[in-house]
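Data file: model-v7.pdb. Format and content: PDB, C-alpha atoms.
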```
ATOM      1  CA  GLN A   1     -35.303  -1.751  20.824
ATOM      2  CA  VAL A   2     -36.755  -4.892  22.419
ATOM      3  CA  HIS A   3     -38.867  -4.828  25.560
ATOM      4  CA  LEU A   4     -39.911  -7.815  27.706
ATOM      5  CA  VAL A   5     -42.774  -7.957  30.178
ATOM      6  CA  GLU A   6     -43.286 -10.915  32.497
ATOM      7  CA  SER A   7     -46.543 -11.813  34.174
ATOM      8  CA  GLY A   8     -48.070 -14.641  36.168
ATOM      9  CA  GLY A   9     -46.002 -14.781  39.320
ATOM     10  CA  GLY A  10     -47.523 -15.102  42.756
ATOM     11  CA  LEU A  11     -47.932 -17.246  45.835
ATOM     12  CA  VAL A  12     -48.629 -20.952  45.534
ATOM     13  CA  GLN A  13     -48.665 -23.838  47.987
ATOM     14  CA  PRO A  14     -46.123 -26.675  47.757
ATOM     15  CA  GLY A  15     -47.176 -29.140  45.112
ATOM     16  CA  GLY A  16     -49.131 -26.489  43.257
ATOM     17  CA  SER A  17     -48.810 -25.076  39.761
ATOM     18  CA  LEU A  18     -48.173 -21.667  38.274
ATOM     19  CA  GLY A  19     -47.825 -20.324  34.761
ATOM     20  CA  LEU A  20     -45.578 -17.461  33.675
ATOM     21  CA  SER A  21     -45.744 -15.433  30.478
ATOM     22  CA  CYS A  22     -43.198 -13.197  28.797
ATOM     23  CA  ALA A  23     -44.366 -10.853  26.061
ATOM     24  CA  ALA A  24     -41.734  -9.413  23.767
ATOM     25  CA  SER A  25     -42.188  -6.239  21.773
ATOM     26  CA  GLY A  26     -40.056  -4.119  19.506
ATOM     27  CA  ASN A  27     -37.583  -5.050  16.788
ATOM     28  CA  ILE A  28     -37.306  -8.785  17.452
ATOM     29  CA  HIS A  29     -34.746 -10.648  15.395
ATOM     30  CA  SER A  30     -36.106 -13.831  13.824
ATOM     31  CA  ASN A  31     -33.044 -15.769  15.006
ATOM     32  CA  ASN A  32     -33.315 -15.661  18.768
ATOM     33  CA  ARG A  33     -33.279 -17.665  21.949
ATOM     34  CA  MET A  34     -35.699 -16.913  24.756
ATOM     35  CA  ALA A  35     -35.152 -18.156  28.259
ATOM     36  CA  TRP A  36     -36.321 -18.123  31.840
ATOM     37  CA  TYR A  37     -33.837 -17.543  34.619
ATOM     38  CA  ARG A  38     -34.428 -17.363  38.344
ATOM     39  CA  GLN A  39     -32.653 -15.801  41.260
ATOM     40  CA  ALA A  40     -33.313 -16.756  44.851
ATOM     41  CA  PRO A  41     -32.286 -14.457  47.721
ATOM     42  CA  GLY A  42     -28.543 -14.579  48.248
ATOM     43  CA  LYS A  43     -27.976 -16.836  45.256
ATOM     44  CA  GLN A  44     -26.806 -16.387  41.684
ATOM     45  CA  ARG A  45     -29.174 -16.119  38.774
ATOM     46  CA  VAL A  46     -29.513 -19.519  37.082
ATOM     47  CA  LEU A  47     -31.000 -20.782  33.852
ATOM     48  CA  VAL A  48     -34.354 -22.503  34.278
ATOM     49  CA  ALA A  49     -35.241 -23.254  30.658
ATOM     50  CA  GLN A  50     -34.625 -21.946  27.180
ATOM     51  CA  ILE A  51     -36.211 -22.255  23.766
ATOM     52  CA  THR A  52     -34.814 -21.235  20.411
ATOM     53  CA  SER A  53     -36.764 -19.645  17.598
ATOM     54  CA  GLY A  54     -36.554 -23.074  15.954
ATOM     55  CA  GLY A  55     -38.248 -24.697  18.933
ATOM     56  CA  ILE A  56     -35.267 -26.447  20.522
ATOM     57  CA  VAL A  57     -35.647 -26.555  24.305
ATOM     58  CA  TYR A  58     -33.305 -27.071  27.225
ATOM     59  CA  TYR A  59     -34.013 -27.349  30.932
ATOM     60  CA  GLY A  60     -31.907 -26.936  34.005
ATOM     61  CA  ASP A  61     -31.244 -30.186  35.869
ATOM     62  CA  PHE A  62     -33.308 -29.094  38.861
ATOM     63  CA  VAL A  63     -36.459 -28.877  36.726
ATOM     64  CA  ARG A  64     -36.680 -32.693  36.614
ATOM     65  CA  GLY A  65     -39.655 -32.768  34.269
ATOM     66  CA  ARG A  66     -41.790 -30.419  36.345
ATOM     67  CA  PHE A  67     -41.648 -27.350  34.091
ATOM     68  CA  THR A  68     -42.570 -26.878  30.440
ATOM     69  CA  ILE A  69     -41.349 -24.006  28.290
ATOM     70  CA  SER A  70     -43.213 -23.028  25.143
ATOM     71  CA  GLN A  71     -43.664 -20.090  22.822
ATOM     72  CA  ASP A  72     -46.172 -18.541  20.482
ATOM     73  CA  THR A  73     -44.030 -16.971  17.796
ATOM     74  CA  ALA A  74     -47.009 -15.192  16.242
ATOM     75  CA  LYS A  75     -47.581 -13.371  19.537
ATOM     76  CA  ASN A  76     -43.870 -13.071  20.424
ATOM     77  CA  THR A  77     -44.727 -14.604  23.768
ATOM     78  CA  MET A  78     -42.958 -17.258  25.807
ATOM     79  CA  TYR A  79     -44.509 -19.327  28.564
ATOM     80  CA  LEU A  80     -43.339 -21.390  31.491
ATOM     81  CA  GLN A  81     -45.745 -23.873  33.040
ATOM     82  CA  MET A  82     -44.511 -24.934  36.451
ATOM     83  CA  ASN A  83     -45.959 -27.961  38.223
ATOM     84  CA  SER A  84     -45.124 -29.709  41.498
ATOM     85  CA  LEU A  85     -43.637 -26.510  42.859
ATOM     86  CA  GLN A  86     -41.554 -26.725  45.996
ATOM     87  CA  PRO A  87     -40.325 -24.071  48.449
ATOM     88  CA  GLU A  88     -36.888 -24.215  46.840
ATOM     89  CA  ASP A  89     -38.471 -22.916  43.633
ATOM     90  CA  THR A  90     -39.104 -19.607  45.370
ATOM     91  CA  ALA A  91     -37.277 -16.900  43.440
ATOM     92  CA  VAL A  92     -37.637 -13.956  41.122
ATOM     93  CA  TYR A  93     -38.097 -15.330  37.627
ATOM     94  CA  TYR A  94     -36.655 -13.329  34.753
ATOM     95  CA  CYS A  95     -37.369 -13.494  31.068
ATOM     96  CA  ASN A  96     -34.427 -13.100  28.686
ATOM     97  CA  ILE A  97     -34.050 -12.868  24.927
ATOM     98  CA  LEU A  98     -30.739 -13.301  23.136
ATOM     99  CA  PHE A  99     -30.273 -12.427  19.467
ATOM    100  CA  PRO A 100     -27.498 -11.136  17.214
ATOM    101  CA  GLY A 101     -26.414  -7.867  18.742
ATOM    102  CA  GLY A 102     -28.813  -7.980  21.678
ATOM    103  CA  ASN A 103     -29.374  -9.421  25.143
ATOM    104  CA  VAL A 104     -32.484  -8.103  26.895
ATOM    105  CA  TRP A 105     -33.955  -8.847  30.338
ATOM    106  CA  GLY A 106     -37.409  -8.391  31.737
ATOM    107  CA  GLN A 107     -38.075  -6.794  35.093
ATOM    108  CA  GLY A 108     -38.732 -10.105  36.834
ATOM    109  CA  THR A 109     -41.739 -11.634  38.543
ATOM    110  CA  GLN A 110     -41.795 -13.070  42.054
ATOM    111  CA  VAL A 111     -42.752 -16.705  42.587
ATOM    112  CA  THR A 112     -43.233 -17.768  46.190
ATOM    113  CA  VAL A 113     -43.940 -21.359  47.154
ATOM    114  CA  SER A 114     -45.121 -21.574  50.727
ATOM    115  CA  SER A 115     -47.826 -23.098  52.862
TER     116      SER A 115
END
```
Render the structure in this file as structure tokens.
Amino acid sequence: QVHLVESGGGLVQPGGSLGLSCAASGNIHSNNRMAWYRQAPGKQRVLVAQITSGGIVYYGDFVRGRFTISQDTAKNTMYLQMNSLQPEDTAVYYCNILFPGGNVWGQGTQVTVSS
């Protein structure tokens, strides 16, 4: 069984930066894709960024070069560095891992961008 724990959310002013972490534990398949999603109040959950176990990354269009996804495979941890945050980035951010036979979500961490 795989378990994900996010950390690093909080309150930040517009234009500020925040870093998120997602630690995976359990029986993690070597062929996997980890991702960050976000869900704002009243809106659908959307993909923010993803990274494969081979290091291939993809970003949602709204990221526009502001966010960077990375991973430390030795620590089974994924990161999301978010810069130039705006109020519209306010959401609960979820960590997700997809692998053969599994699709696991973290509990989510709140990111609030407000002055």
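Residues in contact with Ser25 (chain A) at 12 Å, where all atoms listed in the file are counted and same-chain residues fewer than 5 positions away are skipped, are listed as Gln1, Val2, His3, Leu4, Val5, Glu6, Thr73, Ala74, Lys75, Asn76, Thr77, Met78, Ile97, Val104 and Gly106 of chain A.
What the PyMOL selection byres ((chain A and resi 91-95) around 8) matches in the given file is Leu4, Val5, Glu6, Cys22, Met34, Ala35, Trp36, Tyr37, Arg38, Gln39, Ala40, Pro41, Asp89, Thr90, Asn96, Ile97, Trp105, Gly106, Gln107, Gly108, Thr109, Gln110, Val111 and Thr112 of chain A.
Between Ser84 (chain A) and the residues A:Ile51, A:Gly42, A:Asn32, A:Arg64, the shortest atom-to-atom distance, using only C-alpha atoms, involves A:Arg64.
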**Asked** CA of Val12 (chain A) and CA of Gln50 (chain A), how far apart in Å?
**Response** 23.1 Å
**Result set of the PyMOL selection byres ((chain A and resi 14) around 9) on the coordinates above, as a PyMOL selection string** = chain A and resi 12-13+15-17+84-87+113-115
**Asked** Which residue, A:Gln44, A:Gln81, A:Asn27, A:Ser7, has the smallest gap to Val63 (chain A) when you use only C-alpha atoms?
**Response** A:Gln81
**Complete:** Students should find that CA of Ala24 (chain A) and CA of Gly102 (chain A) are spaced 13.2 Å
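Across the structure, CA of Asp72 (chain A) and CA of Phe99 (chain A) are spaced 17.1 Å apart.
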**Request:** On this file, the PyMOL selection byres ((chain A and resi 58) around 12) gives some set of residues; write that set as a list of chain:residue names.
**Result:** A:Arg33, A:Met34, A:Ala35, A:Trp36, A:Leu47, A:Val48, A:Ala49, A:Gln50, A:Ile51, A:Thr52, A:Gly55, A:Ile56, A:Val57, A:Tyr59, A:Gly60, A:Asp61, A:Phe62, A:Val63, A:Arg64, A:Gly65, A:Phe67, A:Thr68, A:Ile69, A:Ser70
**Asked** Gly19 (chain A): which residues within 8 Å, counting only C-alpha atoms, same-chain residues fewer than 3 positions away excluded, as a ChimeraX atom specification?
**Response** /A:8-9,79-82
Incomplete region 67-84 of chain A brought to N, CA and C atoms, written out as an mmCIF file, keeping the file's coordinate frame:
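Written file, selection.cif:
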```
data_model
loop_
_atom_site.group_PDB
_atom_site.id
_atom_site.type_symbol
_atom_site.label_atom_id
_atom_site.label_comp_id
_atom_site.auth_asym_id
_atom_site.auth_seq_id
_atom_site.Cartn_x
_atom_site.Cartn_y
_atom_site.Cartn_z
ATOM 1 N N PHE A 67 -41.341 -28.587 34.801
ATOM 2 C CA PHE A 67 -41.648 -27.350 34.091
ATOM 3 C C PHE A 67 -41.696 -27.608 32.585
ATOM 4 N N THR A 68 -42.496 -26.806 31.898
ATOM 5 C CA THR A 68 -42.570 -26.878 30.440
ATOM 6 C C THR A 68 -42.473 -25.476 29.860
ATOM 7 N N ILE A 69 -41.508 -25.284 28.971
ATOM 8 C CA ILE A 69 -41.349 -24.006 28.290
ATOM 9 C C ILE A 69 -41.976 -24.117 26.902
ATOM 10 N N SER A 70 -42.602 -23.036 26.467
ATOM 11 C CA SER A 70 -43.213 -23.028 25.143
ATOM 12 C C SER A 70 -43.248 -21.585 24.643
ATOM 13 N N GLN A 71 -43.598 -21.436 23.371
ATOM 14 C CA GLN A 71 -43.664 -20.090 22.822
ATOM 15 C C GLN A 71 -44.717 -20.018 21.734
ATOM 16 N N ASP A 72 -45.264 -18.844 21.577
ATOM 17 C CA ASP A 72 -46.172 -18.541 20.482
ATOM 18 C C ASP A 72 -45.461 -17.478 19.650
ATOM 19 N N THR A 73 -44.833 -17.901 18.575
ATOM 20 C CA THR A 73 -44.030 -16.971 17.796
ATOM 21 C C THR A 73 -44.877 -15.889 17.139
ATOM 22 N N ALA A 74 -46.139 -16.197 16.846
ATOM 23 C CA ALA A 74 -47.009 -15.192 16.242
ATOM 24 C C ALA A 74 -47.287 -14.054 17.216
ATOM 25 N N LYS A 75 -47.317 -14.377 18.503
ATOM 26 C CA LYS A 75 -47.581 -13.371 19.537
ATOM 27 C C LYS A 75 -46.304 -12.889 20.205
ATOM 28 N N ASN A 76 -45.152 -13.422 19.785
ATOM 29 C CA ASN A 76 -43.870 -13.071 20.424
ATOM 30 C C ASN A 76 -43.958 -13.244 21.940
ATOM 31 N N THR A 77 -44.529 -14.347 22.351
ATOM 32 C CA THR A 77 -44.727 -14.604 23.768
ATOM 33 C C THR A 77 -44.174 -15.977 24.132
ATOM 34 N N MET A 78 -43.513 -16.022 25.272
ATOM 35 C CA MET A 78 -42.958 -17.258 25.807
ATOM 36 C C MET A 78 -43.679 -17.587 27.103
ATOM 37 N N TYR A 79 -43.799 -18.871 27.373
ATOM 38 C CA TYR A 79 -44.509 -19.327 28.564
ATOM 39 C C TYR A 79 -43.653 -20.303 29.361
ATOM 40 N N LEU A 80 -43.950 -20.379 30.639
ATOM 41 C CA LEU A 80 -43.339 -21.390 31.491
ATOM 42 C C LEU A 80 -44.434 -21.952 32.394
ATOM 43 N N GLN A 81 -44.782 -23.194 32.183
ATOM 44 C CA GLN A 81 -45.745 -23.873 33.040
ATOM 45 C C GLN A 81 -44.964 -24.637 34.094
ATOM 46 N N MET A 82 -45.238 -24.329 35.345
ATOM 47 C CA MET A 82 -44.511 -24.934 36.451
ATOM 48 C C MET A 82 -45.465 -25.768 37.289
ATOM 49 N N ASN A 83 -45.158 -27.038 37.426
ATOM 50 C CA ASN A 83 -45.959 -27.961 38.223
ATOM 51 C C ASN A 83 -45.128 -28.520 39.372
ATOM 52 N N SER A 84 -45.800 -29.093 40.339
ATOM 53 C CA SER A 84 -45.124 -29.709 41.498
ATOM 54 C C SER A 84 -44.116 -28.749 42.115
#
```
